[in-house]
>>> print(open('work01.cif').read())   # mmCIF, C-alpha atoms
data_input
#
loop_
_atom_site.group_PDB
_atom_site.id
_atom_site.type_symbol
_atom_site.label_atom_id
_atom_site.label_comp_id
_atom_site.auth_asym_id
_atom_site.auth_seq_id
_atom_site.Cartn_x
_atom_site.Cartn_y
_atom_site.Cartn_z
ATOM 1 C CA MET A 1 0.000 0.000 0.000
ATOM 2 C CA THR A 2 1.310 3.419 -0.892
ATOM 3 C CA PHE A 3 2.132 5.977 1.766
ATOM 4 C CA CYS A 4 -0.486 8.441 0.527
ATOM 5 C CA LEU A 5 -3.412 6.076 0.744
ATOM 6 C CA SER A 6 -2.452 4.779 4.145
ATOM 7 C CA SER A 7 -2.455 8.350 5.449
ATOM 8 C CA ILE A 8 -6.184 8.830 4.739
ATOM 9 C CA LYS A 9 -7.883 10.683 7.596
ATOM 10 C CA ASP A 10 -11.402 10.546 9.024
ATOM 11 C CA GLU A 11 -14.003 12.967 7.646
ATOM 12 C CA GLU A 12 -11.712 14.095 4.836
ATOM 13 C CA ILE A 13 -12.514 14.091 1.156
ATOM 14 C CA TYR A 14 -9.984 12.945 -1.433
ATOM 15 C CA LEU A 15 -9.593 12.994 -5.170
ATOM 16 C CA VAL A 16 -7.615 9.915 -6.130
ATOM 17 C CA MET A 17 -6.072 9.934 -9.582
ATOM 18 C CA ALA A 18 -4.669 6.893 -11.305
ATOM 19 C CA SER A 19 -3.953 5.754 -14.842
ATOM 20 C CA ALA A 20 -6.856 4.180 -16.746
ATOM 21 C CA ALA A 21 -5.168 0.769 -16.641
ATOM 22 C CA GLU A 22 -4.615 0.914 -12.873
ATOM 23 C CA ILE A 23 -8.014 2.155 -11.778
ATOM 24 C CA ARG A 24 -9.673 -1.290 -11.641
ATOM 25 C CA ASN A 25 -7.112 -2.757 -9.245
ATOM 26 C CA LYS A 26 -6.764 0.413 -7.228
ATOM 27 C CA ASN A 27 -10.388 0.485 -6.145
ATOM 28 C CA ILE A 28 -10.063 -3.014 -4.620
ATOM 29 C CA GLU A 29 -6.871 -1.920 -2.874
ATOM 30 C CA LEU A 30 -8.580 1.219 -1.624
ATOM 31 C CA ILE A 31 -11.693 -0.546 -0.279
ATOM 32 C CA LYS A 32 -9.548 -3.208 1.415
ATOM 33 C CA MET A 33 -7.583 -0.466 3.142
ATOM 34 C CA LEU A 34 -10.739 1.416 4.201
ATOM 35 C CA GLN A 35 -12.213 -1.747 5.714
ATOM 36 C CA ALA A 36 -8.969 -2.370 7.578
ATOM 37 C CA MET A 37 -9.482 1.129 9.035
ATOM 38 C CA ASP A 38 -12.949 -0.006 10.180
ATOM 39 C CA TYR A 39 -14.912 1.990 7.611
ATOM 40 C CA HIS A 40 -18.263 0.973 6.221
ATOM 41 C CA VAL A 41 -17.791 1.677 2.504
ATOM 42 C CA LEU A 42 -20.513 3.052 0.235
ATOM 43 C CA VAL A 43 -19.470 2.426 -3.378
ATOM 44 C CA ILE A 44 -21.027 4.516 -6.141
ATOM 45 C CA ALA A 45 -20.477 2.170 -9.067
ATOM 46 C CA THR A 46 -20.776 3.873 -12.429
ATOM 47 C CA ASN A 47 -18.692 1.386 -14.361
ATOM 48 C CA GLN A 48 -18.855 -2.111 -12.896
ATOM 49 C CA PRO A 49 -22.063 -4.014 -12.077
ATOM 50 C CA PHE A 50 -22.895 -5.057 -8.514
ATOM 51 C CA ASP A 51 -22.654 -8.804 -9.291
ATOM 52 C CA VAL A 52 -19.112 -8.447 -10.623
ATOM 53 C CA LEU A 53 -18.049 -6.075 -7.837
ATOM 54 C CA LYS A 54 -19.414 -8.472 -5.210
ATOM 55 C CA LYS A 55 -17.482 -11.410 -6.656
ATOM 56 C CA ASN A 56 -14.288 -9.340 -6.945
ATOM 57 C CA PHE A 57 -14.647 -8.165 -3.351
ATOM 58 C CA GLU A 58 -15.242 -11.683 -2.075
ATOM 59 C CA LYS A 59 -12.333 -13.028 -4.151
ATOM 60 C CA ASN A 60 -10.093 -10.394 -2.551
ATOM 61 C CA GLY A 61 -11.242 -11.135 1.001
ATOM 62 C CA ILE A 62 -13.464 -8.042 1.365
ATOM 63 C CA PRO A 63 -16.534 -8.930 3.459
ATOM 64 C CA MET A 64 -19.804 -7.630 1.967
ATOM 65 C CA GLU A 65 -21.265 -6.938 5.443
ATOM 66 C CA LYS A 66 -19.508 -3.600 5.521
ATOM 67 C CA ILE A 67 -20.152 -2.648 1.907
ATOM 68 C CA SER A 68 -23.136 -0.797 0.407
ATOM 69 C CA VAL A 69 -23.436 -0.084 -3.293
ATOM 70 C CA VAL A 70 -25.322 2.339 -5.521
ATOM 71 C CA ASP A 71 -25.222 0.605 -8.915
ATOM 72 C CA THR A 72 -26.006 2.865 -11.871
ATOM 73 C CA VAL A 73 -25.274 0.418 -14.712
ATOM 74 C CA THR A 74 -26.797 -3.034 -14.100
ATOM 75 C CA LYS A 75 -30.487 -2.185 -14.530
ATOM 76 C CA TYR A 76 -29.735 -0.006 -17.561
ATOM 77 C CA ALA A 77 -27.689 -2.711 -19.308
ATOM 78 C CA MET A 78 -30.045 -5.589 -18.428
ATOM 79 C CA GLY A 79 -33.154 -3.648 -19.409
ATOM 80 C CA HIS A 80 -35.055 -5.031 -16.424
ATOM 81 C CA ASP A 81 -34.943 -5.102 -12.621
ATOM 82 C CA HIS A 82 -32.213 -6.975 -10.756
ATOM 83 C CA GLU A 83 -33.298 -9.203 -7.885
ATOM 84 C CA PRO A 84 -33.378 -7.061 -4.723
ATOM 85 C CA GLU A 85 -30.121 -6.989 -2.754
ATOM 86 C CA SER A 86 -29.995 -5.878 0.863
ATOM 87 C CA ASN A 87 -26.870 -3.794 0.392
ATOM 88 C CA CYS A 88 -27.387 -2.414 -3.115
ATOM 89 C CA ARG A 89 -29.628 0.222 -4.666
ATOM 90 C CA PHE A 90 -30.019 -0.141 -8.421
ATOM 91 C CA VAL A 91 -30.574 3.067 -10.382
ATOM 92 C CA SER A 92 -32.383 2.743 -13.745
ATOM 93 C CA ASN A 93 -30.240 5.061 -15.807
ATOM 94 C CA PRO A 94 -26.658 6.327 -15.341
ATOM 95 C CA ALA A 95 -27.728 9.703 -16.794
ATOM 96 C CA ASP A 96 -30.409 10.199 -14.132
ATOM 97 C CA LEU A 97 -28.553 12.317 -11.585
ATOM 98 C CA THR A 98 -31.725 12.935 -9.568
ATOM 99 C CA ALA A 99 -32.242 9.194 -9.021
ATOM 100 C CA ILE A 100 -28.542 8.700 -8.234
ATOM 101 C CA GLY A 101 -28.696 11.633 -5.808
ATOM 102 C CA ILE A 102 -31.727 10.119 -4.032
ATOM 103 C CA ALA A 103 -30.043 6.688 -3.832
ATOM 104 C CA VAL A 104 -26.861 8.244 -2.388
ATOM 105 C CA THR A 105 -28.838 10.348 0.118
ATOM 106 C CA GLU A 106 -30.890 7.348 1.282
ATOM 107 C CA SER A 107 -27.829 5.107 1.525
ATOM 108 C CA LEU A 108 -25.895 7.699 3.554
ATOM 109 C CA ALA A 109 -28.910 8.295 5.830
ATOM 110 C CA GLY A 110 -29.079 4.543 6.475
ATOM 111 C CA LEU A 111 -25.451 4.567 7.583
ATOM 112 C CA LYS A 112 -25.800 7.419 10.080
ATOM 113 C CA GLY A 113 -23.816 6.818 13.262
ATOM 114 C CA LYS A 114 -21.326 4.505 11.539
ATOM 115 C CA LYS A 115 -17.802 5.285 10.407
ATOM 116 C CA VAL A 116 -18.443 5.736 6.712
ATOM 117 C CA SER A 117 -16.417 6.406 3.596
ATOM 118 C CA LEU A 118 -17.934 6.882 0.181
ATOM 119 C CA VAL A 119 -15.972 5.629 -2.845
ATOM 120 C CA PHE A 120 -17.023 7.147 -6.154
ATOM 121 C CA ASP A 121 -15.840 4.902 -9.003
ATOM 122 C CA SER A 122 -15.327 6.757 -11.262
ATOM 123 C CA VAL A 123 -15.672 10.362 -12.436
ATOM 124 C CA ASN A 124 -14.490 9.411 -15.939
ATOM 125 C CA SER A 125 -17.062 6.711 -16.621
ATOM 126 C CA MET A 126 -19.809 9.206 -15.706
ATOM 127 C CA LEU A 127 -18.627 11.428 -18.566
ATOM 128 C CA ILE A 128 -20.143 8.940 -21.016
ATOM 129 C CA TYR A 129 -23.647 9.912 -19.892
ATOM 130 C CA ILE A 130 -23.359 13.295 -18.223
ATOM 131 C CA SER A 131 -21.810 16.649 -19.129
ATOM 132 C CA SER A 132 -18.766 17.784 -17.142
ATOM 133 C CA GLN A 133 -20.780 20.737 -15.816
ATOM 134 C CA ASN A 134 -23.455 18.441 -14.348
ATOM 135 C CA ILE A 135 -20.853 16.012 -12.974
ATOM 136 C CA THR A 136 -19.129 18.902 -11.211
ATOM 137 C CA ARG A 137 -22.467 20.041 -9.727
ATOM 138 C CA PHE A 138 -23.267 16.481 -8.634
ATOM 139 C CA ILE A 139 -19.883 16.004 -6.965
ATOM 140 C CA HIS A 140 -20.365 19.308 -5.179
ATOM 141 C CA PHE A 141 -23.763 18.036 -3.947
ATOM 142 C CA VAL A 142 -22.244 14.737 -2.715
ATOM 143 C CA THR A 143 -19.268 16.396 -0.996
ATOM 144 C CA ASN A 144 -21.655 18.786 0.795
ATOM 145 C CA LYS A 145 -23.667 15.806 2.056
ATOM 146 C CA LEU A 146 -20.497 14.050 3.228
ATOM 147 C CA ARG A 147 -19.287 17.117 5.113
ATOM 148 C CA LEU A 148 -22.671 17.644 6.784
ATOM 149 C CA MET A 149 -22.736 14.018 7.920
ATOM 150 C CA ARG A 150 -19.028 14.079 8.827
ATOM 151 C CA PHE A 151 -18.275 11.147 6.511
ATOM 152 C CA ALA A 152 -15.133 10.557 4.458
ATOM 153 C CA GLY A 153 -15.153 10.402 0.676
ATOM 154 C CA ILE A 154 -12.900 9.268 -2.135
ATOM 155 C CA PHE A 155 -13.499 10.259 -5.745
ATOM 156 C CA ILE A 156 -11.553 8.202 -8.255
ATOM 157 C CA ALA A 157 -10.585 9.746 -11.593
ATOM 158 C CA VAL A 158 -8.209 9.265 -14.496
ATOM 159 C CA GLU A 159 -6.251 12.504 -14.575
ATOM 160 C CA LYS A 160 -5.435 12.507 -18.280
ATOM 161 C CA GLY A 161 -9.111 12.055 -19.142
ATOM 162 C CA LEU A 162 -10.210 15.321 -17.571
ATOM 163 C CA ASP A 163 -9.989 18.826 -18.929
ATOM 164 C CA PRO A 164 -7.640 20.904 -16.681
ATOM 165 C CA ASP A 165 -10.454 23.376 -15.880
ATOM 166 C CA VAL A 166 -12.770 20.564 -14.775
ATOM 167 C CA LEU A 167 -9.970 19.049 -12.714
ATOM 168 C CA THR A 168 -9.359 22.424 -11.053
ATOM 169 C CA GLN A 169 -13.059 22.677 -10.161
ATOM 170 C CA LEU A 170 -13.069 19.160 -8.682
ATOM 171 C CA THR A 171 -9.992 19.892 -6.573
ATOM 172 C CA MET A 172 -11.911 22.757 -4.953
ATOM 173 C CA PHE A 173 -14.372 20.299 -3.380
ATOM 174 C CA VAL A 174 -11.772 18.008 -1.827
ATOM 175 C CA ASP A 175 -9.220 18.272 0.975
ATOM 176 C CA THR A 176 -6.421 16.295 -0.649
ATOM 177 C CA ILE A 177 -5.485 15.094 -4.105
ATOM 178 C CA ILE A 178 -3.691 11.765 -4.343
ATOM 179 C CA ASP A 179 -1.790 10.902 -7.500
ATOM 180 C CA MET A 180 -1.392 7.144 -7.273
ATOM 181 C CA ASP A 181 0.950 6.894 -10.256
ATOM 182 C CA LYS A 182 3.429 9.348 -8.764
ATOM 183 C CA ASN A 183 2.562 8.585 -5.107
ATOM 184 C CA ILE A 184 2.000 12.257 -4.330
ATOM 185 C CA CYS A 185 -0.487 13.710 -1.829
ATOM 186 C CA GLN A 186 -1.269 17.355 -2.388
ATOM 187 C CA ASN A 187 -3.420 19.825 -0.570
ATOM 188 C CA PRO A 188 -5.355 21.818 -3.193
ATOM 189 C CA GLU A 189 -4.927 25.085 -1.253
ATOM 190 C CA PRO A 190 -2.139 27.327 -2.568
ATOM 191 C CA ALA A 191 -0.027 26.927 0.551
ATOM 192 C CA GLY A 192 -0.857 23.240 0.895
ATOM 193 C CA ASP A 193 1.668 20.668 1.962
ATOM 194 C CA LEU A 194 3.137 18.295 -0.547
ATOM 195 C CA LYS A 195 4.205 14.860 0.593
ATOM 196 C CA VAL A 196 6.169 12.561 -1.683
ATOM 197 C CA MET B 1 -14.794 95.894 -57.869
ATOM 198 C CA ASP B 2 -11.929 94.079 -56.213
ATOM 199 C CA MET B 3 -13.570 94.676 -52.868
ATOM 200 C CA VAL B 4 -16.851 93.030 -54.046
ATOM 201 C CA ILE B 5 -14.956 90.041 -55.430
ATOM 202 C CA THR B 6 -13.083 89.619 -52.178
ATOM 203 C CA THR B 7 -16.316 89.734 -50.128
ATOM 204 C CA ASP B 8 -17.898 87.200 -52.494
ATOM 205 C CA ARG B 9 -14.841 85.008 -52.175
ATOM 206 C CA VAL B 10 -14.946 85.268 -48.422
ATOM 207 C CA HIS B 11 -18.624 84.275 -48.453
ATOM 208 C CA ALA B 12 -17.908 81.397 -50.780
ATOM 209 C CA LEU B 13 -15.035 80.276 -48.609
ATOM 210 C CA GLU B 14 -17.179 80.579 -45.481
ATOM 211 C CA SER B 15 -19.862 78.528 -47.172
ATOM 212 C CA MET B 16 -17.264 75.912 -48.197
ATOM 213 C CA VAL B 17 -15.884 75.798 -44.681
ATOM 214 C CA ALA B 18 -19.423 75.352 -43.308
ATOM 215 C CA SER B 19 -20.072 72.541 -45.803
ATOM 216 C CA LEU B 20 -16.760 70.893 -44.976
ATOM 217 C CA THR B 21 -17.468 71.189 -41.251
ATOM 218 C CA GLU B 22 -20.882 69.634 -41.812
ATOM 219 C CA LEU B 23 -19.284 66.869 -43.899
ATOM 220 C CA LEU B 24 -16.693 66.307 -41.230
ATOM 221 C CA THR B 25 -19.403 66.025 -38.571
ATOM 222 C CA VAL B 26 -21.304 63.514 -40.696
ATOM 223 C CA GLN B 27 -18.086 61.560 -41.355
ATOM 224 C CA GLU B 28 -17.227 61.564 -37.661
ATOM 225 C CA LYS B 29 -20.708 60.229 -36.904
ATOM 226 C CA VAL B 30 -20.377 57.545 -39.579
ATOM 227 C CA VAL B 31 -16.904 56.547 -38.385
ATOM 228 C CA SER B 32 -18.121 56.455 -34.788
ATOM 229 C CA GLU B 33 -21.116 54.291 -35.741
ATOM 230 C CA GLN B 34 -18.887 52.022 -37.811
ATOM 231 C CA SER B 35 -16.317 51.608 -35.079
ATOM 232 C CA GLU B 36 -19.115 50.896 -32.584
ATOM 233 C CA ARG B 37 -20.499 48.270 -34.983
ATOM 234 C CA ILE B 38 -17.008 46.760 -35.470
ATOM 235 C CA MET B 39 -16.506 46.619 -31.699
ATOM 236 C CA LYS B 40 -19.881 44.921 -31.243
ATOM 237 C CA ASN B 41 -19.056 42.428 -34.019
ATOM 238 C CA GLU B 42 -15.636 41.744 -32.507
ATOM 239 C CA GLU B 43 -17.257 41.163 -29.110
ATOM 240 C CA ALA B 44 -19.862 38.839 -30.635
ATOM 241 C CA LEU B 45 -17.111 36.994 -32.530
ATOM 242 C CA ARG B 46 -15.014 36.678 -29.376
ATOM 243 C CA GLU B 47 -17.985 35.333 -27.424
ATOM 244 C CA SER B 48 -18.849 32.943 -30.237
ATOM 245 C CA ASN B 49 -15.218 31.713 -30.386
ATOM 246 C CA GLU B 50 -15.165 31.241 -26.611
ATOM 247 C CA ARG B 51 -18.400 29.233 -26.753
ATOM 248 C CA PHE B 52 -17.045 27.186 -29.646
ATOM 249 C CA LEU B 53 -13.740 26.463 -27.843
ATOM 250 C CA GLU B 54 -15.655 25.506 -24.702
ATOM 251 C CA PHE B 55 -17.810 23.205 -26.791
ATOM 252 C CA ILE B 56 -14.769 21.620 -28.476
ATOM 253 C CA ARG B 57 -13.109 21.041 -25.088
ATOM 254 C CA GLU B 58 -16.224 19.407 -23.669
ATOM 255 C CA ALA B 59 -16.721 17.337 -26.831
ATOM 256 C CA ALA B 60 -13.102 16.162 -26.775
ATOM 257 C CA MET B 61 -13.389 15.182 -23.109
ATOM 258 C CA ARG B 62 -16.705 13.402 -23.681
ATOM 259 C CA LEU B 63 -15.293 11.391 -26.590
ATOM 260 C CA LYS B 64 -11.682 10.671 -25.623
ATOM 261 C CA THR B 65 -12.351 9.744 -21.978
ATOM 262 C CA PRO B 66 -15.327 7.437 -22.615
ATOM 263 C CA LEU B 67 -13.440 5.595 -25.351
ATOM 264 C CA GLU B 68 -10.563 5.005 -22.940
ATOM 265 C CA VAL B 69 -13.047 3.786 -20.309
ATOM 266 C CA VAL B 70 -14.564 1.289 -22.767
ATOM 267 C CA GLU B 71 -11.109 0.229 -23.989
ATOM 268 C CA GLU B 72 -9.902 -0.472 -20.450
ATOM 269 C CA ASN B 73 -13.144 -2.241 -19.532
ATOM 270 C CA ILE B 74 -12.914 -4.549 -22.537
ATOM 271 C CA ALA B 75 -9.236 -5.200 -21.750
ATOM 272 C CA GLY B 76 -10.259 -6.105 -18.178
ATOM 273 C CA ILE B 77 -13.054 -8.434 -19.334
ATOM 274 C CA THR B 78 -10.681 -10.091 -21.841
ATOM 275 C CA SER B 79 -8.052 -10.645 -19.191
ATOM 276 C CA ASP B 80 -10.689 -12.120 -16.800
ATOM 277 C CA VAL B 81 -11.889 -14.493 -19.545
ATOM 278 C CA GLU B 82 -8.313 -15.505 -20.431
ATOM 279 C CA ARG B 83 -7.559 -16.282 -16.788
ATOM 280 C CA GLY B 84 -10.613 -18.559 -16.739
ATOM 281 C CA GLY B 85 -13.177 -19.241 -14.048
ATOM 282 C CA CYS B 86 -15.473 -16.423 -15.175
ATOM 283 C CA ASP B 87 -19.213 -16.659 -14.854
ATOM 284 C CA THR B 88 -20.729 -16.420 -18.360
ATOM 285 C CA ALA B 89 -23.631 -14.317 -17.064
ATOM 286 C CA ASP B 90 -21.184 -11.814 -15.526
ATOM 287 C CA VAL B 91 -19.172 -11.585 -18.751
ATOM 288 C CA ALA B 92 -22.391 -11.085 -20.761
ATOM 289 C CA LEU B 93 -23.580 -8.357 -18.391
ATOM 290 C CA GLN B 94 -20.240 -6.547 -18.547
ATOM 291 C CA LEU B 95 -20.274 -6.710 -22.350
ATOM 292 C CA LYS B 96 -23.856 -5.381 -22.381
ATOM 293 C CA ILE B 97 -22.685 -2.421 -20.298
ATOM 294 C CA GLN B 98 -19.910 -1.753 -22.824
ATOM 295 C CA MET B 99 -22.446 -1.945 -25.676
ATOM 296 C CA LYS B 100 -24.620 0.619 -23.887
ATOM 297 C CA ASN B 101 -21.537 2.788 -23.342
ATOM 298 C CA ILE B 102 -20.685 2.611 -27.048
ATOM 299 C CA GLU B 103 -24.314 3.424 -27.972
ATOM 300 C CA GLN B 104 -24.114 6.527 -25.807
ATOM 301 C CA ILE B 105 -20.719 7.552 -27.227
ATOM 302 C CA ARG B 106 -22.248 7.244 -30.725
ATOM 303 C CA GLN B 107 -25.121 9.476 -29.587
ATOM 304 C CA ASN B 108 -22.615 11.981 -28.190
ATOM 305 C CA ILE B 109 -20.859 12.037 -31.591
ATOM 306 C CA ILE B 110 -24.206 12.653 -33.349
ATOM 307 C CA ASP B 111 -24.905 15.522 -30.931
ATOM 308 C CA LEU B 112 -21.464 16.963 -31.681
ATOM 309 C CA ASN B 113 -22.040 16.678 -35.445
ATOM 310 C CA LYS B 114 -25.471 18.277 -35.032
ATOM 311 C CA ALA B 115 -23.874 21.262 -33.322
ATOM 312 C CA ILE B 116 -21.243 21.521 -36.081
ATOM 313 C CA THR B 117 -23.833 21.390 -38.888
ATOM 314 C CA GLU B 118 -25.962 24.036 -37.165
ATOM 315 C CA HIS B 119 -23.013 26.438 -37.249
ATOM 316 C CA GLY B 120 -21.359 25.341 -40.501
ATOM 317 C CA ASP B 121 -23.237 27.159 -43.274
ATOM 318 C CA GLU B 122 -20.685 26.134 -45.890
ATOM 319 C CA LEU B 123 -21.347 22.388 -45.444
ATOM 320 C CA SER B 124 -23.102 20.642 -48.325
ATOM 321 C CA ASP B 125 -26.431 18.891 -47.755
ATOM 322 C CA ALA B 126 -24.737 15.529 -48.396
ATOM 323 C CA THR B 127 -22.106 16.239 -45.704
ATOM 324 C CA ARG B 128 -24.797 17.374 -43.270
ATOM 325 C CA LYS B 129 -26.748 14.149 -43.899
ATOM 326 C CA PHE B 130 -23.588 12.049 -43.425
ATOM 327 C CA LEU B 131 -22.730 13.789 -40.128
ATOM 328 C CA MET B 132 -26.228 13.435 -38.752
ATOM 329 C CA GLU B 133 -26.757 9.730 -39.463
#
>>> encode(input="work01.cif", output="structure tokens")
Amino acid sequence: MTFCLSSIKDEEIYLVMASAAEIRNKNIELIKMLQAMDYHVLVIATNQPFDVLKKNFEKNGIPMEKISVVDTVTKYAMGHDHEPESNCRFVSNPADLTAIGIAVTESLAGLKGKKVSLVFDSVNSMLIYISSQNITRFIHFVTNKLRLMRFAGIFIAVEKGLDPDVLTQLTMFVDTIIDMDKNICQNPEPAGDLKV
Amino acid sequence: MDMVITTDRVHALESMVASLTELLTVQEKVVSEQSERIMKNEEALRESNERFLEFIREAAMRLKTPLEVVEENIAGITSDVERGGCDTADVALQLKIQMKNIEQIRQNIIDLNKAITEHGDELSDATRKFLME
């Protein structure tokens, strides 16, 4: 585990950037680490379906008891409802930010009182269905919710896939930016500390 | 006689000066209106260019990034299949998601082409039709 990820603090919000090829493995690594820190993890899955995530988690020794998922792709791809799952909310369409917002709000409300971290996987896959302006607004909405509820949050993104202006806007909503390829943690504030 | 001619000349000159002053005033007004129009056009052009650049940036991000996402997803599915032990239903579902992603990327390209054709007056009807289909 890299130094940056292991230094994740309670109630803080992070933007984690990795290369496109690494992102799949990194989210497993990240969730494993969060569970080791006793977090209940709420995964916003915009790229991988719940069934596949569940199997990957189990294969990697991640117990599902402390995982909740908001799945935005399964129902849309299958064209019909998935069998109900106790720890997953299926959203009909990945472009429906209102429905995703409601599912996130309800899931977070259900976890009140627990030590929670949200993992948003990923900003880039959302760009298929939603404009960058609406994604930015949505992330602002989610980060506000997390701060009000004093939860932690991790937003995963592929740096090279984002316009620099969009990236700058996203960094304004988070406390720390982690570049997993370079193993750099950076505070987005001008006088922020830089740890390598 | 000379005196009369001089007075006439003075009057004529005064009249010419008055005409020239009037002409100058009209020219100043025209130049001022033209420069105001040029400034407004330049402003409109600048705003239009800014909107166009913003649109191009968004379009590039919404085409390049999604294609990379699909590429990496398919690479991941392929590697899972090659390693063996994959559930067929899971593989099918993941491929369906990629098909939906590609459908949406195609729609994003059509939207981009639509925006280009709306602003590209010099495009032929055949090119417009090709871009929109």
>>> closest_atom_pairs(input="work01.cif", of="chain B", to="chain A", cutoff="9 Å", atoms="all atoms listed in the file", output="Markdown table")
| residue | atom | partner | partner_atom | distance |
| --- | --- | --- | --- | --- |
| B:Arg57 | CA | A:Asp163 | CA | 7.3 |
| B:Glu58 | CA | A:Ser132 | CA | 7.2 |
| B:Ala60 | CA | A:Asp163 | CA | 8.9 |
| B:Met61 | CA | A:Leu162 | CA | 6.4 |
| B:Arg62 | CA | A:Leu127 | CA | 5.8 |
| B:Leu63 | CA | A:Ile128 | CA | 7.8 |
| B:Lys64 | CA | A:Gly161 | CA | 7.1 |
| B:Thr65 | CA | A:Gly161 | CA | 4.9 |
| B:Pro66 | CA | A:Ile128 | CA | 5.3 |
| B:Leu67 | CA | A:Ile128 | CA | 8.7 |
| B:Glu68 | CA | A:Ala20 | CA | 7.3 |
| B:Val69 | CA | A:Ser125 | CA | 6.2 |
| B:Val70 | CA | A:Ser125 | CA | 8.6 |
| B:Glu72 | CA | A:Ala21 | CA | 6.2 |
| B:Asn73 | CA | A:Asn47 | CA | 8.4 |
| B:Ala75 | CA | A:Ala21 | CA | 8.8 |
| B:Gly76 | CA | A:Arg24 | CA | 8.1 |
| B:Asp90 | CA | A:Val52 | CA | 6.3 |
| B:Val91 | CA | A:Val52 | CA | 8.7 |
| B:Leu93 | CA | A:Met78 | CA | 7.0 |
| B:Gln94 | CA | A:Pro49 | CA | 7.2 |
| B:Leu95 | CA | A:Ala77 | CA | 9.0 |
| B:Lys96 | CA | A:Ala77 | CA | 5.6 |
| B:Ile97 | CA | A:Ala77 | CA | 5.1 |
| B:Gln98 | CA | A:Ala77 | CA | 8.6 |
| B:Met99 | CA | A:Ala77 | CA | 8.3 |
| B:Lys100 | CA | A:Ala77 | CA | 6.4 |
| B:Asn101 | CA | A:Ile128 | CA | 6.7 |
| B:Ile102 | CA | A:Ile128 | CA | 8.8 |
| B:Gln104 | CA | A:Ile128 | CA | 6.7 |
| B:Ile105 | CA | A:Ile128 | CA | 6.4 |
| B:Asn108 | CA | A:Ile128 | CA | 8.2 |
>>> closest_residue(input="work01.cif", among="A:Asn134, A:Leu30, A:Val116, A:Leu167", to="Arg147 (chain A)", atoms="all atoms listed in the file")
A:Val116
>>> axis_aligned_box(input="work01.cif", around="region 60-65 of chain B", padding_each_side="6 Å", output="JSON")
{"center_x": -14.2, "center_y": 13.0, "center_z": -24.4, "size_x": 17.0, "size_y": 18.4, "size_z": 16.8}
>>> closest_residue(input="work01.cif", among="A:Ala95, A:Val43, A:Ile100, A:Ile177", to="Ile8 (chain A)", atoms="all atoms listed in the file")
A:Ile177
>>> atom_distance(input="work01.cif", atom1="CA of Ile184 (chain A)", atom2="CA of Leu148 (chain A)")
27.6 Å
>>> resolve_selection(input="work01.cif", expression="the PyMOL selection byres ((chain B and resi 110) around 12)", output="list of chain:residue names")
B:Ala59, B:Leu63, B:Glu103, B:Gln104, B:Ile105, B:Arg106, B:Gln107, B:Asn108, B:Ile109, B:Asp111, B:Leu112, B:Asn113, B:Lys114, B:Ala115, B:Ile116, B:Thr117, B:Arg128, B:Lys129, B:Phe130, B:Leu131, B:Met132, B:Glu133
>>> write_last_selection(input="work01.cif", atoms="C-alpha atoms", output="JSON list (two decimals), keeping the file's coordinate frame")
[["chain", "number", "residue", "atom", "x", "y", "z"],
["B", 59, "ALA", "CA", -16.72, 17.34, -26.83],
["B", 63, "LEU", "CA", -15.29, 11.39, -26.59],
["B", 103, "GLU", "CA", -24.31, 3.42, -27.97],
["B", 104, "GLN", "CA", -24.11, 6.53, -25.81],
["B", 105, "ILE", "CA", -20.72, 7.55, -27.23],
["B", 106, "ARG", "CA", -22.25, 7.24, -30.72],
["B", 107, "GLN", "CA", -25.12, 9.48, -29.59],
["B", 108, "ASN", "CA", -22.62, 11.98, -28.19],
["B", 109, "ILE", "CA", -20.86, 12.04, -31.59],
["B", 111, "ASP", "CA", -24.90, 15.52, -30.93],
["B", 112, "LEU", "CA", -21.46, 16.96, -31.68],
["B", 113, "ASN", "CA", -22.04, 16.68, -35.44],
["B", 114, "LYS", "CA", -25.47, 18.28, -35.03],
["B", 115, "ALA", "CA", -23.87, 21.26, -33.32],
["B", 116, "ILE", "CA", -21.24, 21.52, -36.08],
["B", 117, "THR", "CA", -23.83, 21.39, -38.89],
["B", 128, "ARG", "CA", -24.80, 17.37, -43.27],
["B", 129, "LYS", "CA", -26.75, 14.15, -43.90],
["B", 130, "PHE", "CA", -23.59, 12.05, -43.42],
["B", 131, "LEU", "CA", -22.73, 13.79, -40.13],
["B", 132, "MET", "CA", -26.23, 13.44, -38.75],
["B", 133, "GLU", "CA", -26.76, 9.73, -39.46]]
>>> atom_distance(input="work01.cif", atom1="CA of Asp8 (chain B)", atom2="CA of Glu28 (chain B)")
29.6 Å
>>> build_atoms(input="work01.cif", residues="region 17-22 of chain B", atoms="N, CA and C atoms", output="short mmCIF file (atom, residue, chain, number, x, y, z; two decimals), in the coordinates of the input")
data_model
loop_
_atom_site.label_atom_id
_atom_site.label_comp_id
_atom_site.auth_asym_id
_atom_site.auth_seq_id
_atom_site.Cartn_x
_atom_site.Cartn_y
_atom_site.Cartn_z
N VAL B 17 -16.34 76.24 -46.01
CA VAL B 17 -15.88 75.80 -44.68
C VAL B 17 -17.06 75.19 -43.91
N ALA B 18 -18.23 75.86 -44.01
CA ALA B 18 -19.42 75.35 -43.31
C ALA B 18 -19.81 73.98 -43.83
N SER B 19 -19.74 73.84 -45.20
CA SER B 19 -20.07 72.54 -45.80
C SER B 19 -19.09 71.47 -45.35
N LEU B 20 -17.79 71.86 -45.38
CA LEU B 20 -16.76 70.89 -44.98
C LEU B 20 -16.92 70.49 -43.51
N THR B 21 -17.27 71.48 -42.68
CA THR B 21 -17.47 71.19 -41.25
C THR B 21 -18.63 70.22 -41.08
N GLU B 22 -19.70 70.51 -41.88
CA GLU B 22 -20.88 69.63 -41.81
C GLU B 22 -20.51 68.21 -42.26
#
